[in-house]
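Before any comments, here is the structure.
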Amino acid sequence: VEPLSEELEQAFCSDCTEDEPVVREAYTSAKVRAKLAGCGERILAVDEALEELWSAGVRDVCVAVSHLVDGAAYGALRQAVETHASLFDAIRLARPLLSSAEDCKRVAEILDGEVPRRADSAVVLVGHGGPHAAQLAYLALGYALRERGRNDMYVGMLDDKGSCDAVAHAVECAGSRVRRVLLAPLLISSSAHAQRDIFSTSGWRGILERAGYA
């Protein structure tokens, strides 16, 4: 998250003609905030960050987000912004990365350009998942990849218990040419999910390895 935060701050500061903008970083996850607090690092909740901005005299706020989809975490963020909106003259909330069909097409285009095709390999991207609307965003990304001819790329979700088996079956249906799988988190901040749920032998990696893929 830190490189993204730094890049956003630099982008806003580059347009400043007078005072530099007041910046506050907040996390929606109470678990992550508590874990960081245990390491001596204080991270604000969204409502705390907005209240600090108001106390600092800020009346025009842009809330940038690092969410991929409109799931539970983004919903809680939106509620916090709506609750505090009356404090400010203007407050704008950015959309998650995968908010429209065009967003999915653009992300698919970038992935297509950055991830090379290999004749004997498949690429499995694992996102967090979420409620129905959030799941549709991941499905739309998978569709956009297939539209670009990337039938070697698959999108799965941690929150969908059957997703890994379904992806493994889809890779198997691609034929015997696929011997290797590149397994990658589709997450802004992987945290414990990557090690525990994706790369562990009890997670996605283990299921794919037991299916015969390297």
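Here's how to read the names in the structure tokens: chain A, B, ... by the order shown, residue numbers from 1 in each chain, ligand numbers from 1 in the order shown.
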Sel. of strand (DSSP E) residues, stretch 13-209 of chain A, as a ChimeraX atom specification: /A:60-63,90-93,121-127,153-157,180-185
Residues within 10 Å of A:Ala133, only C-alpha atoms, excluding chain neighbours under 3 positions, as a PDB file with N, CA and C atoms, in the first residue's frame:
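Output below, filename result.pdb:
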ATOM      1  N   VAL A  69     -12.753  -4.057  -5.642  1.00  0.00           N
ATOM      2  CA  VAL A  69     -14.173  -4.217  -5.957  1.00  0.00           C
ATOM      3  C   VAL A  69     -15.037  -3.560  -4.887  1.00  0.00           C
ATOM      4  N   ASP A  70     -16.309  -3.400  -5.211  1.00  0.00           N
ATOM      5  CA  ASP A  70     -17.262  -2.812  -4.283  1.00  0.00           C
ATOM      6  C   ASP A  70     -17.795  -3.904  -3.357  1.00  0.00           C
ATOM      7  N   GLY A  71     -16.970  -4.278  -2.380  1.00  0.00           N
ATOM      8  CA  GLY A  71     -17.327  -5.311  -1.421  1.00  0.00           C
ATOM      9  C   GLY A  71     -17.653  -4.715  -0.057  1.00  0.00           C
ATOM     10  N   SER A  99     -14.847  -1.233 -11.312  1.00  0.00           N
ATOM     11  CA  SER A  99     -16.185  -0.707 -11.068  1.00  0.00           C
ATOM     12  C   SER A  99     -17.095  -0.770 -12.291  1.00  0.00           C
ATOM     13  N   GLY A 129     -12.633 -11.743  -3.389  1.00  0.00           N
ATOM     14  CA  GLY A 129     -14.048 -12.111  -3.509  1.00  0.00           C
ATOM     15  C   GLY A 129     -14.893 -11.228  -2.625  1.00  0.00           C
ATOM     16  N   GLY A 130     -16.145 -11.617  -2.418  1.00  0.00           N
ATOM     17  CA  GLY A 130     -17.042 -10.816  -1.604  1.00  0.00           C
ATOM     18  C   GLY A 130     -18.482 -11.086  -1.948  1.00  0.00           C
ATOM     19  N   LEU A 136     -19.258 -10.452  -9.285  1.00  0.00           N
ATOM     20  CA  LEU A 136     -19.500 -10.130 -10.689  1.00  0.00           C
ATOM     21  C   LEU A 136     -18.315  -9.379 -11.298  1.00  0.00           C
ATOM     22  N   ALA A 137     -17.655  -8.540 -10.498  1.00  0.00           N
ATOM     23  CA  ALA A 137     -16.504  -7.792 -11.008  1.00  0.00           C
ATOM     24  C   ALA A 137     -15.369  -8.739 -11.388  1.00  0.00           C
ATOM     25  N   TYR A 138     -15.112  -9.753 -10.568  1.00  0.00           N
ATOM     26  CA  TYR A 138     -14.059 -10.726 -10.890  1.00  0.00           C
ATOM     27  C   TYR A 138     -14.445 -11.542 -12.127  1.00  0.00           C
TER      28      TYR A 138
END
DSSP alpha helix (DSSP H) residues within stretch 21-167 of chain A, listed as number ranges by chain: A: 30-38, 46-55, 72-84, 101-114, 132-147, 163-167
Exercise: A:Gly156 partners within 10 Å, only C-alpha atoms, chain neighbours under 2 positions left out, as a ChimeraX atom specification: /A:124-129,135,138-139,142,154,158-168,185-186,204
Next, the residues of the selection above should be written as an mmCIF file, in the first residue's frame with N, CA and C atoms.
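selection.cif, written as the output of this step:
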data_model
loop_
_atom_site.group_PDB
_atom_site.id
_atom_site.type_symbol
_atom_site.label_atom_id
_atom_site.label_comp_id
_atom_site.auth_asym_id
_atom_site.auth_seq_id
_atom_site.Cartn_x
_atom_site.Cartn_y
_atom_site.Cartn_z
ATOM 1 N N VAL A 124 -3.128 -18.195 -12.924
ATOM 2 C CA VAL A 124 -4.299 -18.146 -12.047
ATOM 3 C C VAL A 124 -4.160 -16.947 -11.119
ATOM 4 N N LEU A 125 -5.089 -16.013 -11.248
ATOM 5 C CA LEU A 125 -5.124 -14.816 -10.411
ATOM 6 C C LEU A 125 -6.176 -15.015 -9.321
ATOM 7 N N VAL A 126 -5.798 -14.801 -8.082
ATOM 8 C CA VAL A 126 -6.713 -15.062 -6.962
ATOM 9 C C VAL A 126 -7.037 -13.761 -6.240
ATOM 10 N N GLY A 127 -8.307 -13.345 -6.345
ATOM 11 C CA GLY A 127 -8.771 -12.161 -5.652
ATOM 12 C C GLY A 127 -9.452 -12.534 -4.347
ATOM 13 N N HIS A 128 -9.856 -11.523 -3.592
ATOM 14 C CA HIS A 128 -10.469 -11.770 -2.291
ATOM 15 C C HIS A 128 -11.895 -12.290 -2.429
ATOM 16 N N GLY A 129 -12.633 -11.743 -3.389
ATOM 17 C CA GLY A 129 -14.048 -12.111 -3.509
ATOM 18 C C GLY A 129 -14.893 -11.228 -2.625
ATOM 19 N N GLN A 135 -18.373 -10.323 -6.659
ATOM 20 C CA GLN A 135 -18.052 -11.505 -7.454
ATOM 21 C C GLN A 135 -18.238 -11.226 -8.938
ATOM 22 N N TYR A 138 -15.112 -9.753 -10.568
ATOM 23 C CA TYR A 138 -14.059 -10.726 -10.890
ATOM 24 C C TYR A 138 -14.445 -11.542 -12.127
ATOM 25 N N LEU A 139 -15.705 -11.912 -12.221
ATOM 26 C CA LEU A 139 -16.165 -12.657 -13.396
ATOM 27 C C LEU A 139 -16.023 -11.805 -14.657
ATOM 28 N N GLY A 142 -12.449 -11.837 -15.759
ATOM 29 C CA GLY A 142 -12.145 -13.081 -16.456
ATOM 30 C C GLY A 142 -12.681 -13.077 -17.868
ATOM 31 N N TYR A 154 -6.902 -17.303 -15.690
ATOM 32 C CA TYR A 154 -8.112 -17.621 -14.932
ATOM 33 C C TYR A 154 -8.169 -16.736 -13.690
ATOM 34 N N LEU A 158 -11.053 -16.022 -3.160
ATOM 35 C CA LEU A 158 -10.857 -16.686 -1.873
ATOM 36 C C LEU A 158 -12.175 -16.907 -1.146
ATOM 37 N N ASP A 159 -13.099 -15.964 -1.260
ATOM 38 C CA ASP A 159 -14.361 -16.059 -0.527
ATOM 39 C C ASP A 159 -15.334 -17.071 -1.120
ATOM 40 N N ASP A 160 -15.041 -17.558 -2.307
ATOM 41 C CA ASP A 160 -15.882 -18.571 -2.947
ATOM 42 C C ASP A 160 -15.227 -19.928 -2.725
ATOM 43 N N LYS A 161 -15.797 -20.739 -1.824
ATOM 44 C CA LYS A 161 -15.159 -21.995 -1.433
ATOM 45 C C LYS A 161 -14.957 -22.957 -2.596
ATOM 46 N N GLY A 162 -15.805 -22.894 -3.601
ATOM 47 C CA GLY A 162 -15.669 -23.797 -4.728
ATOM 48 C C GLY A 162 -14.831 -23.248 -5.859
ATOM 49 N N SER A 163 -14.328 -22.008 -5.684
ATOM 50 C CA SER A 163 -13.637 -21.336 -6.783
ATOM 51 C C SER A 163 -12.358 -22.056 -7.188
ATOM 52 N N CYS A 164 -11.571 -22.498 -6.215
ATOM 53 C CA CYS A 164 -10.293 -23.138 -6.535
ATOM 54 C C CYS A 164 -10.509 -24.428 -7.310
ATOM 55 N N ASP A 165 -11.443 -25.249 -6.866
ATOM 56 C CA ASP A 165 -11.729 -26.492 -7.578
ATOM 57 C C ASP A 165 -12.235 -26.199 -8.985
ATOM 58 N N ALA A 166 -13.061 -25.161 -9.118
ATOM 59 C CA ALA A 166 -13.586 -24.799 -10.434
ATOM 60 C C ALA A 166 -12.475 -24.337 -11.360
ATOM 61 N N VAL A 167 -11.535 -23.542 -10.834
ATOM 62 C CA VAL A 167 -10.411 -23.080 -11.646
ATOM 63 C C VAL A 167 -9.510 -24.254 -12.025
ATOM 64 N N ALA A 168 -9.234 -25.141 -11.062
ATOM 65 C CA ALA A 168 -8.404 -26.312 -11.348
ATOM 66 C C ALA A 168 -9.037 -27.163 -12.445
ATOM 67 N N PRO A 185 -1.516 -13.520 -6.452
ATOM 68 C CA PRO A 185 -2.602 -12.822 -5.747
ATOM 69 C C PRO A 185 -3.111 -11.651 -6.583
ATOM 70 N N LEU A 186 -4.409 -11.524 -6.688
ATOM 71 C CA LEU A 186 -5.033 -10.360 -7.311
ATOM 72 C C LEU A 186 -5.500 -9.462 -6.170
ATOM 73 N N TRP A 204 -4.595 -22.732 -2.170
ATOM 74 C CA TRP A 204 -4.703 -22.899 -3.625
ATOM 75 C C TRP A 204 -3.492 -23.619 -4.209
#
Polymer residues at most 10 Å from stretch 36-46 of chain A, only C-alpha atoms, same-chain spacing of 4 or more positions, as a PyMOL selection string: chain A and resi 24-32+50-52+63+76-81+84
Atomic distance atom CA of A:Ala64 - atom CA of A:Leu145, expressed in Å with one decimal: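 Computing the Euclidean distance for atom CA of A:Ala64 and atom CA of A:Leu145 yields 26.2 Å.
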For stretch 109-119 of chain A: contacts at 8 Å, only C-alpha atoms, fewer than 4 positions along chain excluded, given as a ChimeraX atom specification: /A:105,145,148,150,152,177-178
